[in-house]
Every structure is written in structure tokens, then in C-alpha cells.
>>> print(open('data-v3.txt').read())   # compact mmCIF, C-alpha atoms
# COMPACT_ATOMS: atom_id res chain seq x y z
CA MET A 1 136.45 83.53 -115.51
CA ARG A 2 133.52 81.91 -117.26
CA PRO A 3 132.47 78.27 -116.75
CA ASP A 4 133.63 77.24 -120.21
CA GLU A 5 137.06 78.69 -119.55
CA LEU A 6 137.20 76.87 -116.22
CA ALA A 7 136.25 73.64 -117.98
CA ALA A 8 138.91 74.18 -120.62
CA ARG A 9 141.61 74.82 -118.05
CA GLU A 10 140.62 71.71 -116.13
CA ALA A 11 140.73 69.68 -119.33
CA VAL A 12 144.23 70.98 -120.09
CA ARG A 13 145.40 69.96 -116.61
CA ASP A 14 143.80 66.58 -117.16
CA THR A 15 145.72 65.98 -120.39
CA ILE A 16 148.99 66.97 -118.73
CA ALA A 17 148.38 64.57 -115.83
CA ARG A 18 147.15 61.79 -118.11
CA TYR A 19 150.34 62.02 -120.17
CA ALA A 20 152.51 61.73 -117.06
CA HIS A 21 150.78 58.64 -115.71
CA ALA A 22 150.49 56.97 -119.10
CA VAL A 23 154.16 57.41 -119.97
CA ASP A 24 155.29 56.38 -116.48
CA HIS A 25 153.34 53.13 -116.69
CA GLY A 26 154.46 52.25 -120.19
CA ARG A 27 151.04 52.83 -121.74
CA PHE A 28 152.46 54.45 -124.84
CA GLU A 29 149.32 54.26 -126.95
CA GLU A 30 147.49 56.23 -124.29
CA THR A 31 150.43 58.65 -124.12
CA ALA A 32 150.27 59.21 -127.87
CA ALA A 33 146.50 59.67 -127.62
CA CYS A 34 147.16 62.79 -125.53
CA PHE A 35 148.25 64.33 -128.83
CA ALA A 36 146.08 65.47 -131.71
CA GLU A 37 146.25 63.19 -134.76
CA ASP A 38 148.87 65.45 -136.33
CA GLY A 39 150.32 66.59 -133.03
CA VAL A 40 154.05 67.17 -132.60
CA LEU A 41 156.41 66.00 -129.87
CA ASP A 42 159.53 68.14 -129.92
CA VAL A 43 162.28 66.96 -127.58
CA ARG A 44 165.40 69.05 -127.70
CA GLU A 45 168.28 66.82 -128.83
CA MET A 46 165.88 64.09 -129.93
CA GLY A 47 164.17 65.98 -132.71
CA ARG A 48 160.65 66.69 -133.81
CA HIS A 49 158.13 63.87 -134.24
CA GLU A 50 154.77 64.37 -135.91
CA GLY A 51 151.70 62.19 -135.58
CA ARG A 52 150.67 59.61 -132.99
CA GLU A 53 152.50 56.71 -134.66
CA ALA A 54 155.82 58.53 -134.71
CA ILE A 55 155.31 59.74 -131.14
CA MET A 56 154.54 56.25 -129.91
CA ARG A 57 157.77 54.96 -131.42
CA VAL A 58 159.76 57.61 -129.53
CA PHE A 59 158.34 56.40 -126.24
CA GLU A 60 158.83 52.75 -127.09
CA GLY A 61 162.47 53.48 -127.83
CA ALA A 62 162.90 55.34 -124.56
CA GLY A 63 161.16 52.48 -122.76
CA ARG A 64 163.59 49.95 -124.19
CA LYS A 65 166.58 52.08 -123.20
CA LEU A 66 165.22 52.29 -119.68
CA ALA A 67 164.43 48.57 -119.51
CA SER A 68 168.01 47.79 -120.49
CA ALA A 69 169.29 49.99 -117.65
CA SER A 70 167.07 48.49 -114.96
CA THR A 71 164.72 45.54 -114.83
CA ASN A 72 162.48 47.11 -112.20
CA ALA A 73 162.62 50.71 -113.19
CA ILE A 74 160.10 53.07 -111.66
CA VAL A 75 159.68 56.38 -113.45
CA ARG A 76 157.57 59.22 -112.11
CA HIS A 77 157.06 62.52 -113.88
CA HIS A 78 156.21 65.06 -111.17
CA VAL A 79 154.63 67.98 -113.03
CA SER A 80 153.98 71.30 -111.31
CA SER A 81 153.68 75.08 -111.74
CA ILE A 82 151.24 74.68 -114.61
CA GLN A 83 150.47 78.07 -116.17
CA ILE A 84 147.58 77.96 -118.65
CA THR A 85 146.11 80.42 -121.11
CA VAL A 86 142.94 79.58 -123.02
CA ASP A 87 141.19 81.06 -126.02
CA VAL A 88 137.84 79.34 -125.64
CA THR A 89 136.37 80.75 -128.85
CA ALA A 90 139.27 79.50 -130.92
CA GLY A 91 139.46 76.21 -129.03
CA ARG A 92 143.16 76.79 -128.38
CA ALA A 93 145.31 76.83 -125.27
CA THR A 94 148.93 77.06 -124.19
CA ALA A 95 150.49 75.66 -121.05
CA SER A 96 153.91 76.06 -119.47
CA SER A 97 154.94 73.69 -116.72
CA TYR A 98 157.91 72.03 -115.04
CA PHE A 99 158.72 68.38 -114.63
CA PHE A 100 161.00 66.50 -112.26
CA VAL A 101 161.59 62.81 -112.91
CA LEU A 102 162.30 60.49 -110.01
CA THR A 103 163.18 56.82 -110.20
CA GLU A 104 163.46 54.37 -107.32
CA ILE A 105 167.08 55.51 -106.81
CA GLY A 106 166.44 59.26 -106.86
CA PRO A 107 166.20 62.28 -109.15
CA ASP A 108 166.98 61.43 -112.78
CA HIS A 109 166.32 64.48 -114.94
CA TRP A 110 164.16 67.60 -114.95
CA GLY A 111 163.07 70.45 -117.16
CA SER A 112 160.18 72.32 -118.75
CA TYR A 113 157.21 71.61 -120.95
CA ARG A 114 155.82 74.16 -123.36
CA ASP A 115 152.50 72.96 -124.74
CA GLU A 116 149.99 74.05 -127.33
CA LEU A 117 146.62 72.33 -127.22
CA ALA A 118 143.40 72.28 -129.17
CA ARG A 119 139.92 71.15 -128.21
CA GLU A 120 138.74 67.96 -129.84
CA ASP A 121 135.09 68.68 -130.49
CA ALA A 122 133.91 65.07 -130.52
CA THR A 123 135.16 64.37 -126.99
CA GLY A 124 135.61 67.76 -125.37
CA ARG A 125 139.18 66.77 -124.59
CA TRP A 126 142.06 69.14 -125.11
CA LEU A 127 144.94 67.49 -126.94
CA PHE A 128 148.53 68.49 -127.54
CA THR A 129 149.07 69.95 -130.98
CA GLU A 130 152.65 70.51 -129.89
CA ARG A 131 154.58 69.55 -126.77
CA LYS A 132 158.10 70.91 -126.46
CA VAL A 133 160.23 69.09 -123.91
CA ASN A 134 163.34 70.82 -122.64
CA VAL A 135 165.54 68.69 -120.40
CA GLU A 136 167.40 71.26 -118.32
CA GLY A 137 169.32 69.12 -115.86
CA ARG A 138 170.16 65.52 -115.08
CA THR A 139 171.82 63.33 -112.53
CA ALA A 140 175.01 61.76 -113.84
CA PRO A 141 174.49 59.14 -115.07
CA SER A 142 170.85 59.57 -115.99
CA ARG A 143 169.14 56.38 -117.12
CA MET A 144 166.91 58.20 -119.53
CA THR A 145 168.57 61.23 -121.09
CA MET B 146 131.26 74.74 -104.46
CA ARG B 147 129.72 77.56 -106.47
CA PRO B 148 131.00 78.70 -109.88
CA ASP B 149 132.34 81.97 -108.51
CA GLU B 150 134.33 80.10 -105.87
CA LEU B 151 135.69 77.77 -108.55
CA ALA B 152 136.69 80.77 -110.63
CA ALA B 153 138.37 82.41 -107.65
CA ARG B 154 140.35 79.27 -106.81
CA GLU B 155 141.48 78.93 -110.41
CA ALA B 156 142.56 82.57 -110.44
CA VAL B 157 144.59 82.03 -107.26
CA ARG B 158 146.33 79.04 -108.85
CA ASP B 159 146.99 81.15 -111.92
CA THR B 160 148.69 83.90 -109.92
CA ILE B 161 150.87 81.35 -108.12
CA ALA B 162 151.95 79.77 -111.41
CA ARG B 163 152.43 83.14 -113.11
CA TYR B 164 154.76 84.25 -110.31
CA ALA B 165 156.88 81.09 -110.68
CA HIS B 166 157.36 81.41 -114.42
CA ALA B 167 157.90 85.18 -114.31
CA VAL B 168 160.56 85.03 -111.62
CA ASP B 169 162.28 82.05 -113.25
CA HIS B 170 162.58 83.89 -116.55
CA GLY B 171 163.80 87.14 -115.05
CA ARG B 172 160.59 89.02 -115.87
CA PHE B 173 160.63 90.90 -112.58
CA GLU B 174 158.07 93.53 -113.54
CA GLU B 175 155.58 90.75 -114.26
CA THR B 176 156.57 89.09 -110.99
CA ALA B 177 155.90 92.28 -109.06
CA ALA B 178 152.58 92.66 -110.90
CA CYS B 179 151.42 89.45 -109.20
CA PHE B 180 151.21 91.61 -106.07
CA ALA B 181 148.62 94.22 -105.21
CA GLU B 182 149.90 97.81 -105.44
CA ASP B 183 150.61 97.82 -101.71
CA GLY B 184 151.32 94.10 -101.51
CA VAL B 185 154.02 92.72 -99.24
CA LEU B 186 156.78 90.21 -99.95
CA ASP B 187 158.06 88.80 -96.70
CA VAL B 188 161.10 86.57 -97.04
CA ARG B 189 162.41 85.23 -93.78
CA GLU B 190 165.99 86.51 -93.31
CA MET B 191 165.56 89.03 -96.13
CA GLY B 192 162.92 91.17 -94.50
CA ARG B 193 159.58 92.64 -95.44
CA HIS B 194 159.16 94.60 -98.67
CA GLU B 195 156.05 96.63 -99.44
CA GLY B 196 154.85 97.79 -102.84
CA ARG B 197 155.68 96.67 -106.35
CA GLU B 198 158.76 98.89 -106.71
CA ALA B 199 160.37 97.55 -103.57
CA ILE B 200 159.46 93.98 -104.51
CA MET B 201 160.95 94.35 -107.97
CA ARG B 202 164.24 95.54 -106.46
CA VAL B 203 164.41 92.42 -104.29
CA PHE B 204 164.16 90.21 -107.36
CA GLU B 205 166.64 92.27 -109.34
CA GLY B 206 169.13 91.92 -106.50
CA ALA B 207 168.58 88.16 -106.33
CA GLY B 208 168.95 87.98 -110.11
CA ARG B 209 172.31 89.75 -109.98
CA LYS B 210 173.53 87.42 -107.23
CA LEU B 211 172.53 84.44 -109.33
CA ALA B 212 174.10 85.85 -112.51
CA SER B 213 177.40 86.30 -110.66
CA ALA B 214 177.30 82.63 -109.61
CA SER B 215 176.53 81.23 -113.05
CA THR B 216 176.35 82.71 -116.51
CA ASN B 217 173.78 80.22 -117.78
CA ALA B 218 171.74 79.70 -114.67
CA ILE B 219 168.41 77.95 -115.04
CA VAL B 220 166.02 78.40 -112.13
CA ARG B 221 162.75 76.54 -111.83
CA HIS B 222 160.30 76.98 -108.97
CA HIS B 223 158.28 73.75 -108.78
CA VAL B 224 155.18 74.65 -106.75
CA SER B 225 152.83 71.97 -105.46
CA SER B 226 150.35 70.98 -102.73
CA ILE B 227 148.43 74.23 -103.11
CA GLN B 228 145.74 74.52 -100.44
CA ILE B 229 143.33 77.37 -101.03
CA THR B 230 140.54 78.97 -99.01
CA VAL B 231 138.37 81.66 -100.53
CA ASP B 232 135.90 84.16 -99.13
CA VAL B 233 134.21 85.18 -102.37
CA THR B 234 132.01 87.83 -100.77
CA ALA B 235 134.96 89.58 -99.20
CA GLY B 236 137.14 89.08 -102.27
CA ARG B 237 139.84 87.51 -100.11
CA ALA B 238 141.75 84.24 -100.25
CA THR B 239 144.61 82.44 -98.56
CA ALA B 240 146.88 79.81 -100.07
CA SER B 241 149.50 77.52 -98.58
CA SER B 242 151.89 75.73 -100.90
CA TYR B 243 155.35 74.24 -101.19
CA PHE B 244 158.18 75.09 -103.53
CA PHE B 245 161.26 73.18 -104.66
CA VAL B 246 163.85 75.06 -106.70
CA LEU B 247 165.95 73.18 -109.22
CA THR B 248 168.81 74.57 -111.28
CA GLU B 249 170.63 72.85 -114.11
CA ILE B 250 172.91 71.21 -111.53
CA GLY B 251 170.21 69.94 -109.19
CA PRO B 252 168.11 70.92 -106.15
CA ASP B 253 169.03 74.34 -104.79
CA HIS B 254 166.58 75.27 -102.03
CA TRP B 255 163.01 74.54 -100.97
CA GLY B 256 160.32 75.67 -98.58
CA SER B 257 156.80 76.99 -98.14
CA TYR B 258 154.69 79.86 -99.33
CA ARG B 259 151.93 81.36 -97.23
CA ASP B 260 149.86 83.75 -99.31
CA GLU B 261 147.03 86.19 -98.79
CA LEU B 262 145.32 87.44 -101.92
CA ALA B 263 142.62 89.90 -102.88
CA ARG B 264 140.50 90.19 -105.99
CA GLU B 265 141.32 93.12 -108.22
CA ASP B 266 137.90 94.19 -109.42
CA ALA B 267 139.04 95.83 -112.65
CA THR B 268 140.68 92.67 -113.99
CA GLY B 269 139.17 89.81 -112.01
CA ARG B 270 142.69 88.75 -111.10
CA TRP B 271 143.60 87.71 -107.61
CA LEU B 272 146.80 89.40 -106.44
CA PHE B 273 149.09 88.80 -103.48
CA THR B 274 148.46 91.23 -100.67
CA GLU B 275 151.09 89.29 -98.78
CA ARG B 276 153.40 86.45 -99.75
CA LYS B 277 155.48 84.92 -96.97
CA VAL B 278 158.42 82.87 -98.22
CA ASN B 279 160.01 80.42 -95.82
CA VAL B 280 163.16 78.75 -97.09
CA GLU B 281 163.29 75.52 -95.12
CA GLY B 282 166.24 73.71 -96.67
CA ARG B 283 169.08 74.22 -99.12
CA THR B 284 171.84 72.39 -100.86
CA ALA B 285 175.28 73.49 -99.69
CA PRO B 286 176.31 75.70 -101.30
CA SER B 287 173.07 77.16 -102.60
CA ARG B 288 173.49 79.73 -105.33
CA MET B 289 170.46 81.65 -104.23
CA THR B 290 169.96 81.57 -100.46
CA MET C 291 132.80 69.21 -118.39
CA ARG C 292 129.80 70.28 -116.34
CA PRO C 293 129.99 72.66 -113.37
CA ASP C 294 129.23 69.90 -110.88
CA GLU C 295 132.10 67.82 -112.25
CA LEU C 296 134.40 70.82 -112.03
CA ALA C 297 133.33 71.35 -108.43
CA ALA C 298 133.91 67.70 -107.62
CA ARG C 299 137.40 67.73 -109.15
CA GLU C 300 138.30 70.87 -107.22
CA ALA C 301 137.04 69.28 -104.02
CA VAL C 302 139.20 66.20 -104.65
CA ARG C 303 142.25 68.41 -105.15
CA ASP C 304 141.38 70.23 -101.97
CA THR C 305 141.28 67.02 -99.93
CA ILE C 306 144.63 65.92 -101.33
CA ALA C 307 146.22 69.28 -100.46
CA ARG C 308 144.55 69.41 -97.05
CA TYR C 309 145.95 65.98 -96.17
CA ALA C 310 149.49 67.07 -97.12
CA HIS C 311 149.47 70.23 -95.03
CA ALA C 312 147.71 68.58 -92.08
CA VAL C 313 150.12 65.66 -91.87
CA ASP C 314 153.16 67.90 -92.37
CA HIS C 315 152.13 70.12 -89.48
CA GLY C 316 151.30 67.28 -87.12
CA ARG C 317 147.57 67.96 -87.19
CA PHE C 318 146.68 64.28 -87.22
CA GLU C 319 143.01 64.67 -86.32
CA GLU C 320 142.58 66.89 -89.37
CA THR C 321 144.56 64.38 -91.42
CA ALA C 322 142.26 61.56 -90.33
CA ALA C 323 139.24 63.77 -91.08
CA CYS C 324 140.28 63.70 -94.75
CA PHE C 325 139.03 60.11 -94.68
CA ALA C 326 135.46 58.87 -94.59
CA GLU C 327 134.40 57.46 -91.21
CA ASP C 328 135.20 53.94 -92.40
CA GLY C 329 137.95 55.02 -94.79
CA VAL C 330 141.08 52.94 -95.26
CA LEU C 331 144.73 53.97 -95.23
CA ASP C 332 146.78 51.30 -96.94
CA VAL C 333 150.53 51.83 -96.73
CA ARG C 334 152.58 49.13 -98.37
CA GLU C 335 154.75 47.50 -95.69
CA MET C 336 152.77 49.15 -92.90
CA GLY C 337 149.48 47.43 -93.51
CA ARG C 338 145.86 48.42 -93.89
CA HIS C 339 144.17 50.65 -91.33
CA GLU C 340 140.42 51.21 -91.27
CA GLY C 341 138.58 54.08 -89.62
CA ARG C 342 139.69 57.51 -88.47
CA GLU C 343 140.87 56.35 -85.04
CA ALA C 344 143.16 53.68 -86.48
CA ILE C 345 144.44 56.09 -89.11
CA MET C 346 145.21 58.76 -86.54
CA ARG C 347 147.26 56.26 -84.52
CA VAL C 348 149.37 55.46 -87.60
CA PHE C 349 150.27 59.11 -88.02
CA GLU C 350 150.93 59.59 -84.31
CA GLY C 351 153.34 56.66 -84.42
CA ALA C 352 155.10 58.06 -87.49
CA GLY C 353 155.25 61.45 -85.79
CA ARG C 354 156.95 59.96 -82.73
CA LYS C 355 159.46 58.11 -84.89
CA LEU C 356 160.28 61.35 -86.68
CA ALA C 357 160.51 63.35 -83.46
CA SER C 358 163.03 60.86 -82.10
CA ALA C 359 165.17 61.31 -85.24
CA SER C 360 165.17 65.09 -85.19
CA THR C 361 163.96 67.69 -82.73
CA ASN C 362 163.25 70.30 -85.41
CA ALA C 363 162.10 68.12 -88.24
CA ILE C 364 160.40 69.81 -91.17
CA VAL C 365 158.37 67.50 -93.40
CA ARG C 366 156.83 68.62 -96.67
CA HIS C 367 154.76 66.39 -98.93
CA HIS C 368 155.02 67.86 -102.43
CA VAL C 369 152.11 66.34 -104.35
CA SER C 370 151.85 66.69 -108.13
CA SER C 371 150.58 65.11 -111.36
CA ILE C 372 147.11 64.62 -109.93
CA GLN C 373 144.92 62.66 -112.35
CA ILE C 374 141.26 62.61 -111.36
CA THR C 375 138.20 60.77 -112.61
CA VAL C 376 134.77 61.56 -111.22
CA ASP C 377 131.40 59.86 -111.37
CA VAL C 378 129.24 62.75 -110.20
CA THR C 379 126.01 60.76 -110.16
CA ALA C 380 127.48 58.05 -107.99
CA GLY C 381 129.34 60.57 -105.83
CA ARG C 382 132.57 58.65 -106.39
CA ALA C 383 136.02 59.62 -107.63
CA THR C 384 139.50 58.21 -108.08
CA ALA C 385 142.78 60.08 -108.08
CA SER C 386 146.33 59.06 -108.92
CA SER C 387 149.16 61.34 -107.90
CA TYR C 388 152.82 61.45 -106.94
CA PHE C 389 154.47 62.65 -103.77
CA PHE C 390 158.00 63.75 -102.97
CA VAL C 391 158.90 64.33 -99.34
CA LEU C 392 161.54 66.88 -98.44
CA THR C 393 162.91 67.61 -95.00
CA GLU C 394 165.22 70.45 -94.00
CA ILE C 395 168.19 68.27 -95.04
CA GLY C 396 166.87 67.19 -98.45
CA PRO C 397 164.79 64.54 -100.19
CA ASP C 398 163.61 61.81 -97.81
CA HIS C 399 161.25 59.48 -99.68
CA TRP C 400 158.86 59.54 -102.62
CA GLY C 401 156.17 57.51 -104.32
CA SER C 402 152.57 57.35 -105.48
CA TYR C 403 149.11 57.77 -104.08
CA ARG C 404 146.13 55.89 -105.41
CA ASP C 405 142.93 57.27 -103.94
CA GLU C 406 139.26 56.47 -103.96
CA LEU C 407 136.95 59.17 -102.67
CA ALA C 408 133.26 59.65 -101.97
CA ARG C 409 131.22 62.81 -101.58
CA GLU C 410 130.03 63.54 -98.07
CA ASP C 411 126.57 64.92 -98.68
CA ALA C 412 126.34 66.96 -95.49
CA THR C 413 129.42 69.04 -96.29
CA GLY C 414 129.99 68.64 -100.01
CA ARG C 415 133.51 67.49 -99.22
CA TRP C 416 135.06 64.56 -100.97
CA LEU C 417 136.73 62.19 -98.51
CA PHE C 418 139.12 59.28 -98.95
CA THR C 419 137.35 55.95 -98.76
CA GLU C 420 140.74 54.43 -99.52
CA ARG C 421 144.20 55.92 -99.88
CA LYS C 422 146.95 53.55 -101.03
CA VAL C 423 150.45 54.86 -100.36
CA ASN C 424 153.31 53.29 -102.27
CA VAL C 425 156.76 54.41 -101.18
CA GLU C 426 158.87 53.84 -104.28
CA GLY C 427 162.23 55.30 -103.29
CA ARG C 428 164.07 56.74 -100.33
CA THR C 429 167.27 58.44 -99.36
CA ALA C 430 169.46 56.25 -97.16
CA PRO C 431 168.92 56.67 -94.32
CA SER C 432 165.36 57.94 -94.51
CA ARG C 433 164.03 59.34 -91.26
CA MET C 434 160.53 58.24 -92.00
CA THR C 435 160.38 54.97 -93.97
>>> encode(input="data-v3.txt", output="C-alpha cells")
Amino acid sequence: MRPDELAAREAVRDTIARYAHAVDHGRFEETAACFAEDGVLDVREMGRHEGREAIMRVFEGAGRKLASASTNAIVRHHVSSIQITVDVTAGRATASSYFFVLTEIGPDHWGSYRDELAREDATGRWLFTERKVNVEGRTAPSRMT
Amino acid sequence: MRPDELAAREAVRDTIARYAHAVDHGRFEETAACFAEDGVLDVREMGRHEGREAIMRVFEGAGRKLASASTNAIVRHHVSSIQITVDVTAGRATASSYFFVLTEIGPDHWGSYRDELAREDATGRWLFTERKVNVEGRTAPSRMT
Amino acid sequence: MRPDELAAREAVRDTIARYAHAVDHGRFEETAACFAEDGVLDVREMGRHEGREAIMRVFEGAGRKLASASTNAIVRHHVSSIQITVDVTAGRATASSYFFVLTEIGPDHWGSYRDELAREDATGRWLFTERKVNVEGRTAPSRMT
């Protein structure tokens, strides 16, 4: 594995972790900035949202729903089993991973991410061109899904 | 840490993630291919299985058990806390990690992996020469253990 | 991302994983050695502890509490969503991550780590100068919190 592939893989991991912490702390502009300008957030049962503005609105809506369910809600996206493939020449990558969301009262929902990313040449960051979110299980009642 | 050690550690992580996604999606040939030709899968209470053919049969058996318990079973191996040591010169590595298996109805079982890996020179991949699986807890009834 | 930043990030991950396995296996001297000589362990509700000796005593106390609750206790710190920033020139890093603690009977407690680390020049290791542990949820009754 060459150094530039190592760097790309690390950058992909960084974007995945950045997204988790940003969304969990209500920093939705930073969450949306994990996506390319015309990136797509595709949440099964919530539809397909293109562009940072549209993506930010999805998170703001989810944040309001959560805030109405709990005034002190803690949300933590535990992301693991990240499998990455990179095409360094093309500046493209895919990543498959799992998430498990805990709140202060316990497990809430869990599932899989399927990501496509592209390198942003100006910054060297790798951004989501598409993030597919599949919620595959939930505690009843889930606050968020 | 030298570049070749970084590359080795990344390759070890990749094999661990590849195994999780392959087994969770019923791709048992790909799962077995995470092992060296004469690699060993050692699952406490299920015995020691040597070679890719034998390992594939273990997964096929587990898959049938699961299919009989649920027609739409979703299985996700969340793997985290991966501690890796590499001897680049010898082409050998060890990895200790934890797993937590969720299905669509919730936590199923969890435990630890203890892996030994070797570099496959032809591909640069690092393959399991031995994977020890310790199931350390389960929900009652677990579908899988 | 330059090779020395990649190496630093890998070393930070290694310290985080080393801590988890050391504490889970009762190797408290090794756990304390994940901290700089004058490093600080800051556990909300358990106070701020400076230096390896003080830190080791915290873990020994927690270990005794756990041993009195169960003679065969298994503790596993699943750490995920590790977000790292590194200043290679300064030899400083920060890391934010999540933990989820399972025992043989199920989830016990969970929360967040917020770490500051510094490179130890003699070894190339990156050690905690401060680790803040926020327990954000627990099963009732938790054995450990």
C-alpha cells in the first residue's frame, strides 16, 4: 500500500468520524460540510437529499424532533467495522461501515452506512458524494427513527 | 513508525473489516479468503478448524442455523478497539479486538478476537493464520450462539 | 497528509486501543503507562488525578469494586468514532471518541473520551497528557459507575 493510498484511507476515516461528532453535537453546518457541494444524503424511508443546504435541513429537522423528545438528549453515533476501498488516481473511494446510536438511556437505533467519497483537491479532504444510511433496527420507542 | 509498518497495520485493519462485512452478508468464500490457506479458525465451544474449506463449512452451518431462526435476519459484527502489533521483517502481526453483534431486534452476542496474521507476498494482503473467537456474553435467547 | 502525520495518528489510535485492552485485563501499570508522567485522568464525578501513581490507584480501586460485584467479571471497552487532530511540529494531538462497556451480562455504561496527547521523543509513542472520561449513560444497576 503506497503512502498516498494510506493518506486517502486515513482521510476517509477522518470524514466518517468528523460526521459522527458533528451530528452528535448539533453542529449541522459542519455535518453538511462533510459532503461535497452536490453530495447526496440518502436515508431509507426519509428520501434522497442533494446538496449541503438540503442536507443541513434534514439534520435540523431531526434535531428538533429529538429536542421535543428530551431536553437533555445525548446522542452518540458509534461507528465501527469501516471497510474502505480507494482509487487514488481517480480520487474516488467507497466505505462500508456500521453504526450504533446510544443515548443517555440506552441503545436507540443501529444500521449501516454505504459511502462514496471524492477527494477535494483544494483541501486534500475526502468528502461524501453519497452517503446511504440504512437503519436496520431500533429500540421501541426510538426517539429518532 | 515507518511507512511499511503503517501499511502493514492498515492492511491488518482491512482484513478485520473485510471479514466482518463478508460474514455479515453471507459471502462465506470471501470470509474464508481472509485466512491463509492453512489458517485456523478457533471458536471456543465450536472447536478448531484448519484450512479455508473447513472454515467455509463452519460459516455455512452457522448461516443455516441463523436462516432457520429468522427469514430476514440482519447480522452486523461491530468491531472496535483494535490493538495491533507488527513485525514487518518477519511479515507477522497480532491483533486484539472486540466485537458486538447486533441483529434487527437488538444485541445478540459479543466477545473478543485474538488474531495472528501473516503477509501474503503475492498480494501484499495480511491474512489470518489464526483467529480465536471468544464469545463472552449473549442475549437470551441468542439466535447464533 | 504527510507520512509523519499518518504515523502520529496511528500512534494515537494505538494508545487508545492499548488503554482499553490494558484496563480490561487488569493490567493497571500498563494502563497508567498510556499517560505521560504528569498526565491527568479526569473522570466526571470521580475527580482529577495527576501522575501515573495516582492514576493507577484509581484503576485499582475500580478493579476492587468490580471484583466485589462479580468473581468472573469480563469488562470490554469498545471504543469507536475516533476523531484525531495532530500538530506534528508541536508534538501535540487531540482525540475525541466514544466508548461502550459490555460485561458478560450486557451493556454496563457508555460515554465519551476527550484526550490530549503528546509525543514522547524517546519512544515515539503518543501519551495522554489528559484524558477526560464522561460517563453519559448506564444500565441500572451498573457494576462499575
>>> residues_around(input="data-v3.txt", residues="Asp266 in chain B", least_positions_apart="6", cutoff="12 Å", atoms="all atoms listed in the file", output="list in words")
Ala153, Ala181, Ala235, Gly236, Arg237 and Leu272 of chain B
>>> write_last_selection(input="data-v3.txt", atoms="C-alpha atoms", output="JSON list (two decimals), keeping the file's coordinate frame")
[["chain", "number", "residue", "atom", "x", "y", "z"],
["B", 153, "ALA", "CA", 138.37, 82.41, -107.65],
["B", 181, "ALA", "CA", 148.62, 94.22, -105.21],
["B", 235, "ALA", "CA", 134.96, 89.58, -99.20],
["B", 236, "GLY", "CA", 137.14, 89.08, -102.27],
["B", 237, "ARG", "CA", 139.84, 87.51, -100.11],
["B", 272, "LEU", "CA", 146.80, 89.40, -106.44]]
>>> closest_residue(input="data-v3.txt", among="B:Arg163, B:Arg197, B:Arg147, B:Arg259", to="chain C", atoms="all atoms listed in the file")
B:Arg147
>>> atom_distance(input="data-v3.txt", atom1="CA of Asp42 in chain A", atom2="CA of Asp115 in chain A")
10.0 Å
>>> interface_residues(input="data-v3.txt", of="chain B", to="chain A", cutoff="10 Å", atoms="all atoms listed in the file", output="PyMOL selection string")
chain B and resi 148-149+151-153+155-156+158-166+219-226+244+247-252+269-270
>>> atom_distance(input="data-v3.txt", atom1="CA of Ala199 in chain B", atom2="CA of Gly184 in chain B")
9.9 Å
>>> residues_near_point(input="data-v3.txt", point="(152.4, 52.5, -100.3)", cutoff="7 Å", atoms="all atoms listed in the file", output="MDAnalysis selection string")
chainID C and resid 332:334 422:425
>>> closest_residue(input="data-v3.txt", among="C:Val313, C:Val302, C:Val376, C:Val348", to="Val391 in chain C", atoms="only C-alpha atoms")
C:Val313
>>> atom_distance(input="data-v3.txt", atom1="CA of Ile55 in chain A", atom2="CA of Gly26 in chain A")
13.3 Å
>>> closest_residue(input="data-v3.txt", among="C:Ala385, C:Ala412, C:Leu407, C:Val378", to="Val330 in chain C", atoms="only C-alpha atoms")
C:Leu407
>>> residues_around(input="data-v3.txt", residues="Ala312 in chain C", least_positions_apart="6", cutoff="8 Å", atoms="all atoms listed in the file", output="PyMOL selection string")
chain C and resi 318+320-321
>>> build_atoms(input="data-v3.txt", residues="range 107-124 of chain A", atoms="N, CA and C atoms", output="JSON list (two decimals), in the frame of the given file")
[["chain", "number", "residue", "atom", "x", "y", "z"],
["A", 107, "PRO", "N", 166.43, 61.40, -108.01],
["A", 107, "PRO", "CA", 166.20, 62.28, -109.15],
["A", 107, "PRO", "C", 166.96, 61.80, -110.38],
["A", 108, "ASP", "N", 166.32, 61.86, -111.55],
["A", 108, "ASP", "CA", 166.98, 61.43, -112.78],
["A", 108, "ASP", "C", 167.23, 62.61, -113.73],
["A", 109, "HIS", "N", 166.16, 63.29, -114.10],
["A", 109, "HIS", "CA", 166.32, 64.48, -114.94],
["A", 109, "HIS", "C", 165.12, 65.39, -114.73],
["A", 110, "TRP", "N", 165.22, 66.62, -115.19],
["A", 110, "TRP", "CA", 164.16, 67.60, -114.95],
["A", 110, "TRP", "C", 164.21, 68.68, -116.03],
["A", 111, "GLY", "N", 163.12, 69.42, -116.13],
["A", 111, "GLY", "CA", 163.07, 70.45, -117.16],
["A", 111, "GLY", "C", 161.71, 71.08, -117.28],
["A", 112, "SER", "N", 161.40, 71.54, -118.50],
["A", 112, "SER", "CA", 160.18, 72.32, -118.75],
["A", 112, "SER", "C", 159.40, 71.74, -119.92],
["A", 113, "TYR", "N", 158.09, 71.87, -119.82],
["A", 113, "TYR", "CA", 157.21, 71.61, -120.95],
["A", 113, "TYR", "C", 156.66, 72.94, -121.45],
["A", 114, "ARG", "N", 156.54, 73.03, -122.76],
["A", 114, "ARG", "CA", 155.82, 74.16, -123.36],
["A", 114, "ARG", "C", 154.82, 73.55, -124.32],
["A", 115, "ASP", "N", 153.54, 73.67, -124.00],
["A", 115, "ASP", "CA", 152.50, 72.96, -124.74],
["A", 115, "ASP", "C", 151.56, 73.90, -125.48],
["A", 116, "GLU", "N", 151.14, 73.45, -126.65],
["A", 116, "GLU", "CA", 149.99, 74.05, -127.33],
["A", 116, "GLU", "C", 148.95, 72.96, -127.46],
["A", 117, "LEU", "N", 147.70, 73.32, -127.19],
["A", 117, "LEU", "CA", 146.62, 72.33, -127.22],
["A", 117, "LEU", "C", 145.45, 72.87, -128.01],
["A", 118, "ALA", "N", 144.65, 71.93, -128.49],
["A", 118, "ALA", "CA", 143.40, 72.28, -129.17],
["A", 118, "ALA", "C", 142.28, 71.38, -128.66],
["A", 119, "ARG", "N", 141.08, 71.94, -128.64],
["A", 119, "ARG", "CA", 139.92, 71.15, -128.21],
["A", 119, "ARG", "C", 139.51, 70.19, -129.31],
["A", 120, "GLU", "N", 139.27, 68.95, -128.91],
["A", 120, "GLU", "CA", 138.74, 67.96, -129.84],
["A", 120, "GLU", "C", 137.23, 67.97, -129.67],
["A", 121, "ASP", "N", 136.51, 68.43, -130.68],
["A", 121, "ASP", "CA", 135.09, 68.68, -130.49],
["A", 121, "ASP", "C", 134.29, 67.42, -130.15],
["A", 122, "ALA", "N", 134.68, 66.30, -130.73],
["A", 122, "ALA", "CA", 133.91, 65.07, -130.52],
["A", 122, "ALA", "C", 133.91, 64.64, -129.05],
["A", 123, "THR", "N", 135.01, 64.88, -128.36],
["A", 123, "THR", "CA", 135.16, 64.37, -126.99],
["A", 123, "THR", "C", 135.18, 65.47, -125.93],
["A", 124, "GLY", "N", 135.43, 66.70, -126.35],
["A", 124, "GLY", "CA", 135.61, 67.76, -125.37],
["A", 124, "GLY", "C", 136.99, 67.76, -124.74]]
